[in-house]
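J.: Below is the file query.cif, which contains mmCIF, C-alpha atoms.
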data_run
#
loop_
_atom_site.label_atom_id
_atom_site.label_comp_id
_atom_site.auth_asym_id
_atom_site.auth_seq_id
_atom_site.Cartn_x
_atom_site.Cartn_y
_atom_site.Cartn_z
CA MET A 1 24.11 -112.82 94.75
CA ALA A 2 21.41 -110.89 92.93
CA GLU A 3 20.67 -107.46 94.40
CA PHE A 4 17.05 -107.14 93.22
CA ASP A 5 17.33 -103.41 92.65
CA LYS A 6 15.57 -103.41 89.25
CA LEU A 7 11.95 -103.86 88.17
CA ALA A 8 10.60 -105.91 85.27
CA VAL A 9 6.98 -106.03 84.13
CA VAL A 10 6.03 -109.21 82.26
CA THR A 11 2.61 -109.87 80.69
CA GLY A 12 1.27 -113.26 79.74
CA ALA A 13 3.48 -114.62 82.50
CA SER A 14 1.41 -117.54 83.75
CA SER A 15 2.91 -120.11 81.36
CA GLY A 16 5.06 -120.71 78.28
CA ILE A 17 7.43 -118.03 77.03
CA GLY A 18 6.02 -115.43 79.43
CA PHE A 19 6.71 -117.56 82.49
CA GLU A 20 10.22 -118.33 81.27
CA LEU A 21 10.87 -114.61 80.63
CA ALA A 22 9.75 -113.78 84.16
CA LYS A 23 11.84 -116.61 85.58
CA HIS A 24 14.91 -115.44 83.69
CA CYS A 25 14.41 -111.90 84.97
CA ALA A 26 14.12 -113.21 88.53
CA GLU A 27 17.34 -115.16 88.10
CA GLN A 28 19.03 -111.95 86.93
CA GLY A 29 17.99 -109.98 90.01
CA TYR A 30 14.78 -108.24 88.94
CA ASN A 31 11.81 -107.60 91.14
CA LEU A 32 8.71 -108.45 89.16
CA VAL A 33 5.20 -107.40 88.35
CA ILE A 34 3.62 -110.25 86.41
CA ALA A 35 0.23 -110.22 84.75
CA ALA A 36 -2.19 -112.67 83.15
CA ASP A 37 -5.94 -113.10 82.94
CA GLY A 38 -6.14 -116.31 84.99
CA SER A 39 -6.05 -116.83 88.75
CA ASP A 40 -3.05 -119.14 88.39
CA ILE A 41 -0.87 -116.03 88.15
CA ASP A 42 -0.85 -116.02 91.97
CA ASP A 43 0.67 -119.51 92.04
CA VAL A 44 3.27 -118.41 89.50
CA ALA A 45 4.15 -115.47 91.75
CA GLU A 46 4.79 -117.85 94.65
CA THR A 47 7.12 -119.90 92.47
CA LEU A 48 9.06 -116.83 91.35
CA ARG A 49 9.44 -115.48 94.88
CA GLN A 50 11.74 -118.41 95.56
CA PHE A 51 14.46 -116.53 93.68
CA GLY A 52 14.48 -113.86 96.40
CA GLY A 53 12.91 -110.80 94.82
CA ASP A 54 9.59 -109.05 95.26
CA VAL A 55 6.87 -110.38 92.97
CA GLU A 56 3.52 -108.67 92.48
CA ALA A 57 0.83 -110.60 90.62
CA VAL A 58 -1.92 -108.81 88.72
CA GLN A 59 -4.87 -110.76 87.35
CA ALA A 60 -6.24 -108.62 84.55
CA ASP A 61 -7.72 -108.96 81.10
CA LEU A 62 -5.11 -107.22 78.98
CA SER A 63 -7.35 -107.31 75.93
CA THR A 64 -9.23 -104.37 77.49
CA TYR A 65 -8.31 -100.79 78.33
CA GLU A 66 -9.53 -101.44 81.87
CA GLY A 67 -7.20 -104.41 82.30
CA VAL A 68 -4.18 -102.51 81.04
CA ASP A 69 -5.09 -99.57 83.28
CA GLU A 70 -5.29 -101.95 86.24
CA LEU A 71 -1.80 -103.25 85.54
CA TYR A 72 -0.44 -99.73 85.03
CA ALA A 73 -1.95 -98.57 88.33
CA ALA A 74 -0.49 -101.54 90.20
CA VAL A 75 2.98 -100.75 88.86
CA ALA A 76 2.61 -97.01 89.58
CA ALA A 77 1.64 -97.81 93.17
CA LEU A 78 5.08 -99.32 93.72
CA GLY A 79 6.64 -95.91 93.19
CA ARG A 80 9.61 -97.25 91.27
CA PRO A 81 10.58 -96.99 87.59
CA VAL A 82 10.16 -99.89 85.18
CA ASP A 83 13.58 -100.98 83.94
CA VAL A 84 12.29 -103.74 81.66
CA LEU A 85 8.90 -104.18 80.01
CA MET A 86 8.14 -107.53 78.41
CA ALA A 87 4.91 -107.33 76.39
CA ASN A 88 4.31 -111.01 75.89
CA ALA A 89 0.54 -111.52 76.28
CA GLY A 90 -0.90 -113.10 73.15
CA ARG A 91 -3.62 -115.39 71.87
CA GLY A 92 -3.79 -117.87 68.99
CA LEU A 93 -6.63 -119.03 66.78
CA GLY A 94 -6.74 -121.84 64.23
CA LYS A 95 -9.13 -123.17 61.58
CA ALA A 96 -10.53 -121.44 58.50
CA PHE A 97 -11.37 -117.78 58.95
CA LEU A 98 -14.99 -118.14 57.78
CA ASP A 99 -15.57 -121.06 60.17
CA GLN A 100 -14.34 -119.17 63.24
CA ASP A 101 -16.67 -117.55 65.72
CA PHE A 102 -16.27 -113.79 65.39
CA ALA A 103 -16.11 -113.37 69.17
CA ASP A 104 -12.95 -115.51 69.09
CA ILE A 105 -11.55 -113.44 66.23
CA GLN A 106 -12.24 -110.24 68.16
CA LYS A 107 -10.47 -111.62 71.24
CA VAL A 108 -7.31 -112.36 69.25
CA ILE A 109 -7.27 -108.86 67.78
CA ASP A 110 -7.98 -107.27 71.17
CA VAL A 111 -5.23 -109.19 72.96
CA ASN A 112 -2.53 -109.17 70.29
CA VAL A 113 -3.12 -105.74 68.76
CA VAL A 114 -5.31 -103.41 70.81
CA GLY A 115 -4.19 -104.42 74.29
CA THR A 116 -0.52 -104.66 73.33
CA THR A 117 -0.58 -101.27 71.64
CA TYR A 118 -2.30 -99.60 74.58
CA LEU A 119 0.10 -101.23 77.05
CA LEU A 120 3.11 -99.96 75.12
CA HIS A 121 1.65 -96.48 74.77
CA LYS A 122 1.29 -96.13 78.54
CA PHE A 123 4.49 -97.79 79.77
CA VAL A 124 6.93 -96.77 77.05
CA ARG A 125 5.88 -93.12 77.22
CA ASP A 126 7.12 -93.14 80.84
CA MET A 127 10.37 -94.75 79.73
CA ARG A 128 10.85 -92.12 77.05
CA ASP A 129 10.19 -89.31 79.52
CA ARG A 130 12.73 -90.85 81.89
CA ASN A 131 15.09 -91.64 78.99
CA ALA A 132 15.76 -95.13 80.28
CA GLY A 133 14.41 -98.62 79.86
CA LYS A 134 14.38 -101.77 77.75
CA VAL A 135 11.37 -103.25 75.98
CA LEU A 136 10.89 -106.78 74.65
CA ILE A 137 7.77 -107.43 72.57
CA THR A 138 6.81 -110.98 71.62
CA GLY A 139 5.97 -111.09 67.93
CA SER A 140 6.41 -114.18 65.77
CA ILE A 141 7.85 -115.42 62.51
CA ALA A 142 4.16 -116.08 61.77
CA GLY A 143 3.96 -112.37 61.09
CA LEU A 144 6.18 -112.88 58.04
CA ILE A 145 3.89 -115.46 56.44
CA PRO A 146 0.31 -115.30 55.09
CA GLY A 147 -1.32 -117.63 57.62
CA SER A 148 -3.79 -119.88 55.87
CA PHE A 149 -5.95 -121.43 58.63
CA GLN A 150 -4.38 -118.95 61.05
CA ALA A 151 -5.25 -115.86 59.03
CA VAL A 152 -6.16 -113.54 61.89
CA TYR A 153 -3.37 -114.68 64.22
CA ASN A 154 -0.64 -114.27 61.62
CA ALA A 155 -2.04 -110.88 60.61
CA THR A 156 -1.93 -109.68 64.21
CA LYS A 157 1.66 -110.84 64.54
CA ALA A 158 2.55 -109.02 61.31
CA TYR A 159 1.22 -105.91 63.03
CA VAL A 160 3.25 -106.57 66.18
CA ASP A 161 6.48 -107.25 64.26
CA SER A 162 6.11 -104.12 62.14
CA PHE A 163 4.95 -101.90 64.99
CA SER A 164 7.86 -102.95 67.20
CA LEU A 165 10.48 -102.03 64.62
CA ALA A 166 8.76 -98.71 63.89
CA LEU A 167 8.63 -97.83 67.58
CA ARG A 168 12.29 -98.74 67.89
CA ASN A 169 13.13 -96.29 65.11
CA GLU A 170 11.09 -93.52 66.71
CA LEU A 171 13.08 -93.99 69.92
CA LYS A 172 16.51 -94.23 68.29
CA ASP A 173 17.65 -90.89 69.71
CA THR A 174 16.77 -91.92 73.26
CA ALA A 175 18.24 -94.40 75.72
CA VAL A 176 15.14 -96.63 75.40
CA THR A 177 15.59 -99.77 73.30
CA VAL A 178 12.87 -101.90 71.71
CA THR A 179 13.44 -105.52 70.69
CA VAL A 180 10.92 -107.81 69.02
CA LEU A 181 11.21 -111.52 69.78
CA MET A 182 10.09 -113.60 66.79
CA PRO A 183 9.84 -117.26 67.78
CA GLY A 184 8.59 -120.11 65.66
CA PRO A 185 6.42 -122.99 66.95
CA THR A 186 7.13 -123.24 70.66
CA ASP A 187 6.09 -125.87 73.21
CA THR A 188 3.37 -123.87 74.97
CA ASN A 189 -0.40 -124.22 75.39
CA ILE A 190 -1.11 -121.87 72.47
CA PHE A 191 -1.93 -124.76 70.10
CA ALA A 192 -4.44 -126.23 72.55
CA VAL A 193 -6.07 -122.84 73.14
CA ALA A 194 -6.15 -122.23 69.38
CA ASP A 195 -7.73 -125.69 68.79
CA MET A 196 -4.87 -126.75 66.53
CA ARG A 197 -3.93 -130.08 68.05
CA ASP A 198 -4.91 -131.92 64.84
CA THR A 199 -2.50 -129.95 62.64
CA LYS A 200 1.12 -130.46 61.71
CA LEU A 201 1.97 -127.30 63.63
CA GLY A 202 0.17 -128.66 66.68
CA THR A 203 1.72 -132.13 66.58
CA GLY A 204 5.16 -131.28 65.17
CA LYS A 205 8.46 -130.53 66.84
CA LYS A 206 8.54 -127.33 68.84
CA ASP A 207 11.14 -125.15 70.50
CA ASP A 208 11.77 -125.10 74.24
CA PRO A 209 10.15 -121.94 75.71
CA ALA A 210 13.06 -121.53 78.13
CA MET A 211 15.48 -121.40 75.17
CA VAL A 212 13.27 -118.92 73.35
CA ALA A 213 12.97 -116.70 76.43
CA LYS A 214 16.72 -116.74 77.05
CA ALA A 215 17.41 -115.74 73.45
CA GLY A 216 14.90 -112.92 73.69
CA TYR A 217 16.26 -111.65 76.99
CA GLU A 218 19.83 -111.64 75.73
CA ALA A 219 18.82 -109.83 72.52
CA MET A 220 16.99 -107.22 74.59
CA MET A 221 20.01 -106.68 76.82
CA ARG A 222 22.20 -106.22 73.75
CA GLY A 223 19.70 -103.73 72.38
CA ASP A 224 19.10 -105.72 69.19
CA GLY A 225 16.18 -104.79 66.98
CA HIS A 226 14.84 -108.32 66.65
CA GLU A 227 15.58 -111.91 67.56
CA VAL A 228 14.45 -114.93 65.57
CA SER A 229 15.09 -117.81 67.94
CA GLY A 230 16.41 -121.10 66.56
CA PHE A 231 18.30 -121.94 63.37
CA ALA A 232 15.32 -123.46 61.53
CA ASN A 233 13.24 -120.39 62.27
CA LYS A 234 16.02 -118.11 61.06
CA MET A 235 16.06 -120.01 57.77
CA GLN A 236 12.28 -119.75 57.48
CA ALA A 237 12.45 -116.02 58.13
CA LEU A 238 15.03 -115.65 55.36
CA LEU A 239 12.92 -117.68 52.93
CA SER A 240 9.89 -115.52 53.66
CA ASN A 241 11.75 -112.60 52.09
CA VAL A 242 12.29 -114.35 48.76
CA MET A 243 9.41 -116.80 48.28
CA PRO A 244 6.24 -115.56 46.53
CA LYS A 245 3.45 -114.84 49.00
CA GLY A 246 1.18 -117.38 47.32
CA MET A 247 3.73 -120.11 47.89
CA LEU A 248 4.14 -119.07 51.51
CA ALA A 249 0.37 -119.22 52.04
CA GLU A 250 0.19 -122.68 50.47
CA ALA A 251 3.09 -123.93 52.59
CA HIS A 252 1.39 -122.61 55.71
CA ARG A 253 -1.84 -124.33 54.70
CA LYS A 254 -0.05 -127.69 54.74
CA LEU A 255 1.00 -127.04 58.33
CA ALA A 256 -2.12 -125.44 59.78
CA GLU A 257 -5.09 -127.00 57.97
CA PRO A 258 -7.21 -129.15 60.31
CA GLY A 259 -6.49 -132.84 59.91
CA THR A 260 -2.91 -132.45 58.67
CA GLY A 261 -1.51 -133.66 61.97
CA LYS A 262 -3.28 -137.01 61.94
CA GLU A 263 -1.42 -140.18 61.21
#
Take the structure from the file and write it as C-alpha cells.
T.:
Amino acid sequence: MAEFDKLAVVTGASSGIGFELAKHCAEQGYNLVIAADGSDIDDVAETLRQFGGDVEAVQADLSTYEGVDELYAAVAALGRPVDVLMANAGRGLGKAFLDQDFADIQKVIDVNVVGTTYLLHKFVRDMRDRNAGKVLITGSIAGLIPGSFQAVYNATKAYVDSFSLALRNELKDTAVTVTVLMPGPTDTNIFAVADMRDTKLGTGKKDDPAMVAKAGYEAMMRGDGHEVSGFANKMQALLSNVMPKGMLAEAHRKLAEPGTGKE
C-alpha cells in the first residue's frame, strides 16, 4: 500500500498529459498539489483523492507572476518539501503567424516561456538549497522543428527543451535532477484550443497521454536528461538532427497548414 509520504506539484493538471502525470504520481504514493487555470481543477482533485493521498487544487493563471506566486504560496503553506515538480502547463497555437491575433501569441509565450521559467526559478531554487528533488518539464519534439503554421508554439518549445537541458547541467553537482519530456502529437485538447482541427496534425493518429506520462515519469525517476516518447517520435527527433532546416519547415507545413486535414 502506498504510504503517501512524498509531495508532487503538477501544473496543467486538469486534462491530458498533466492529468495523467498527476494520476501516476497518486498511484505511486505522492500527495499532490495540482494547478490549472480552470475551475475544473477542483473536480480533478476529487478524482485523484480516490487514490488515498492528500490533494490540494490551486486555480491560478500560470502565465502570470501573480499566478505562479499563488501556487508557490499554497505549496509553502503546507510546510513540507516538494519531492517532485512537474512543470507541464502549456498552450498551443495554430495558423499562419501573421494571421494570428497578437493577444493569442502573447498568451502562448507567457504560458510556455515566461510562466514556466518563473515557476522553475522559484521551486527549483528551493530544491537546490535543500539538495534534493526531481523535476520533469514538458517540452516537445516540436521544439526540434521549425514550425510552419505553428511558428510561435514550436519556438517556445525550442526554448523549453534547451532551457531544461541547460538547467540540468547547472545542477549536475547537486542531488537535483532535471528531465525534459518531449512528446509528439498526443491525444489531448491542445489541437482544439490551438484551432488546428482541420490539419493533418489535428486529425492524424496521436499518442495516448497515459503512455506519454508514464514514460516521462519513469525517465524522471531514472534521472534521465530527456525522454522522447514513442518510437515514431524518436525517429523524427533523430531526423531533425540531419535534415536541412528548410526541409523540416516544409514537412511541418504539410502537417500544420489549415485545410490539410480535410478529406
J.: Enter the distance from atom CA of A:Ala96 to atom CA of A:Ala151, in Å, rounded to one decimal.
T.: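 Computing the Euclidean distance for atom CA of A:Ala96 and atom CA of A:Ala151 yields 7.7 Å.
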J.: Rank nothing, just name the residue among A:Pro258, A:Val228, A:Gly53, A:Gly38 nearest to A:Ala26, using all atoms listed in the file.
T.: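 Nearest to A:Ala26: A:Gly53.
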J.: Can you spell out as a list in words the set of residues that the PyMOL selection byres ((chain A and resi 200) around 12) selects in the structure I just provided?
T.: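 Applied to this file, the PyMOL selection byres ((chain A and resi 200) around 12) selects Gly94, Phe149, Pro185, Phe191, Met196, Arg197, Asp198, Thr199, Leu201, Gly202, Thr203, Gly204, Lys205, Lys206, Ala251, His252, Arg253, Lys254, Leu255, Ala256, Glu257, Pro258, Gly259, Thr260, Gly261, Lys262 and Glu263 of chain A.
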J.: Please put the answer as AutoDock Vina command-line options: centre and edge lengths, in Å with one decimal, of a box along x, y and z that encloses all listed atoms of stretch 236-249 of chain A plus 8 Å on each side.
T.:
--center_x 7.7 --center_y -116.4 --center_z 52.3 --size_x 30.7 --size_y 23.5 --size_z 27.6
J.: Give me the residues within 9 Å of A:Gly147 as a VMD selection string, counting only C-alpha atoms and dropping any in the same chain fewer than 3 places off.
T.: chain A and resid 142 to 144 150 to 155 248 to 250 252 to 253 256
J.: Just how far from atom CA of A:His24 is atom CA of A:Asn131, in Å to one decimal?
T.: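 Going from atom CA of A:Asn131 over to atom CA of A:His24 covers 24.3 Å.
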J.: With all atoms listed in the file as the atoms that count, which of A:Val84, A:Val108, A:Gly29, A:Asp40 lies nearest to A:Val193?
T.: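 Among A:Val84, A:Val108, A:Gly29, A:Asp40, it is A:Val108 that comes nearest to A:Val193.
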J.: Report the distance between atom CA of A:Glu20 and atom CA of A:Pro209 in Å, rounded to one decimal place.
T.: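 Computing it gives 6.6 Å between the two atoms.
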J.: Between A:Lys95, A:Lys234, A:Lys134, A:Lys157, single out the one closest to A:Met221, counting all atoms listed in the file.
T.: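 Nearest candidate to A:Met221 out of A:Lys95, A:Lys234, A:Lys134, A:Lys157: A:Lys134.
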J.: When distances are computed from only C-alpha atoms, which of A:Val113, A:Ile190, A:Ala219, A:Leu98 shows the smallest separation from A:Tyr159?
T.: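 Selected residue with least distance to A:Tyr159: A:Val113.
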J.: Tell me which of A:Thr11, A:Thr174, A:Ser140, A:Asn189 sits closest to A:Gln236, counting only C-alpha atoms.
T.: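 Selected residue with least distance to A:Gln236: A:Ser140.
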J.: I need the residue set behind the PyMOL selection byres ((chain A and resi 86) around 8) for this file; please write it as a list in words.
T.: Ala8, Val9, Val10, Thr11, Leu21, Val84, Leu85, Ala87, Asn88, Val135, Leu136, Ile137 and Thr138 of chain A
J.: Can those selected residues be exported to a file as a PDB file, in the frame of the given file so that it contains C-alpha atoms?
T.:
ATOM      1  CA  ALA A   8      10.600-105.910  85.270  1.00  0.00           C
ATOM      2  CA  VAL A   9       6.980-106.030  84.130  1.00  0.00           C
ATOM      3  CA  VAL A  10       6.030-109.210  82.260  1.00  0.00           C
ATOM      4  CA  THR A  11       2.610-109.870  80.690  1.00  0.00           C
ATOM      5  CA  LEU A  21      10.870-114.610  80.630  1.00  0.00           C
ATOM      6  CA  VAL A  84      12.290-103.740  81.660  1.00  0.00           C
ATOM      7  CA  LEU A  85       8.900-104.180  80.010  1.00  0.00           C
ATOM      8  CA  ALA A  87       4.910-107.330  76.390  1.00  0.00           C
ATOM      9  CA  ASN A  88       4.310-111.010  75.890  1.00  0.00           C
ATOM     10  CA  VAL A 135      11.370-103.250  75.980  1.00  0.00           C
ATOM     11  CA  LEU A 136      10.890-106.780  74.650  1.00  0.00           C
ATOM     12  CA  ILE A 137       7.770-107.430  72.570  1.00  0.00           C
ATOM     13  CA  THR A 138       6.810-110.980  71.620  1.00  0.00           C
TER      14      THR A 138
END
J.: Within 8 Å of (-0.9, -103.5, 84.3), all atoms listed in the file: residues as an mmCIF file with C-alpha atoms, keeping the file's coordinate frame?
T.:
data_model
loop_
_atom_site.group_PDB
_atom_site.id
_atom_site.type_symbol
_atom_site.label_atom_id
_atom_site.label_comp_id
_atom_site.auth_asym_id
_atom_site.auth_seq_id
_atom_site.Cartn_x
_atom_site.Cartn_y
_atom_site.Cartn_z
ATOM 1 C CA ALA A 35 0.230 -110.220 84.750
ATOM 2 C CA VAL A 58 -1.920 -108.810 88.720
ATOM 3 C CA ALA A 60 -6.240 -108.620 84.550
ATOM 4 C CA LEU A 62 -5.110 -107.220 78.980
ATOM 5 C CA GLY A 67 -7.200 -104.410 82.300
ATOM 6 C CA VAL A 68 -4.180 -102.510 81.040
ATOM 7 C CA ASP A 69 -5.090 -99.570 83.280
ATOM 8 C CA GLU A 70 -5.290 -101.950 86.240
ATOM 9 C CA LEU A 71 -1.800 -103.250 85.540
ATOM 10 C CA TYR A 72 -0.440 -99.730 85.030
ATOM 11 C CA ALA A 73 -1.950 -98.570 88.330
ATOM 12 C CA ALA A 74 -0.490 -101.540 90.200
ATOM 13 C CA VAL A 75 2.980 -100.750 88.860
ATOM 14 C CA LEU A 119 0.100 -101.230 77.050
#
J.: Could you check the closest approach to A:Ile141 for each of A:Val44, A:Ala215, A:Ala158, A:Leu165 and tell me which residue wins, using only C-alpha atoms?
T.: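 Smallest distance to A:Ile141 is found for A:Ala158.
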J.: Using only C-alpha atoms, list the residues that have an atom at most 7 Å from (16.0, -108.7, 70.4), coordinates as in the file, as an MDAnalysis selection string.
T.: chainID A and resid 136 179:181 216 219:220 223:227
J.: Please write the residues picked by the PyMOL selection byres ((chain A and resi 4) around 7) on this file as a PyMOL selection string.
T.: chain A and resi 2-3+5-6+29-31+53
J.: Next, the residues of the selection above should be written as a CSV table (one decimal), in the coordinates of the input with C-alpha atoms.
T.:
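Final file, result11.csv:
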chain,number,residue,atom,x,y,z
A,2,ALA,CA,21.4,-110.9,92.9
A,3,GLU,CA,20.7,-107.5,94.4
A,5,ASP,CA,17.3,-103.4,92.6
A,6,LYS,CA,15.6,-103.4,89.2
A,29,GLY,CA,18.0,-110.0,90.0
A,30,TYR,CA,14.8,-108.2,88.9
A,31,ASN,CA,11.8,-107.6,91.1
A,53,GLY,CA,12.9,-110.8,94.8
J.: If we count all atoms listed in the file, what is near A:Met127 at a cut-off of 9 Å, once residues fewer than 3 positions away on the same chain are taken out, given as an mmCIF file with C-alpha atoms, in the coordinates of the input?
T.:
data_model
loop_
_atom_site.group_PDB
_atom_site.id
_atom_site.type_symbol
_atom_site.label_atom_id
_atom_site.label_comp_id
_atom_site.auth_asym_id
_atom_site.auth_seq_id
_atom_site.Cartn_x
_atom_site.Cartn_y
_atom_site.Cartn_z
ATOM 1 C CA PRO A 81 10.580 -96.990 87.590
ATOM 2 C CA VAL A 82 10.160 -99.890 85.180
ATOM 3 C CA ASP A 83 13.580 -100.980 83.940
ATOM 4 C CA PHE A 123 4.490 -97.790 79.770
ATOM 5 C CA VAL A 124 6.930 -96.770 77.050
ATOM 6 C CA ARG A 130 12.730 -90.850 81.890
ATOM 7 C CA ASN A 131 15.090 -91.640 78.990
ATOM 8 C CA ALA A 132 15.760 -95.130 80.280
ATOM 9 C CA GLY A 133 14.410 -98.620 79.860
ATOM 10 C CA LYS A 134 14.380 -101.770 77.750
ATOM 11 C CA ALA A 175 18.240 -94.400 75.720
ATOM 12 C CA VAL A 176 15.140 -96.630 75.400
#
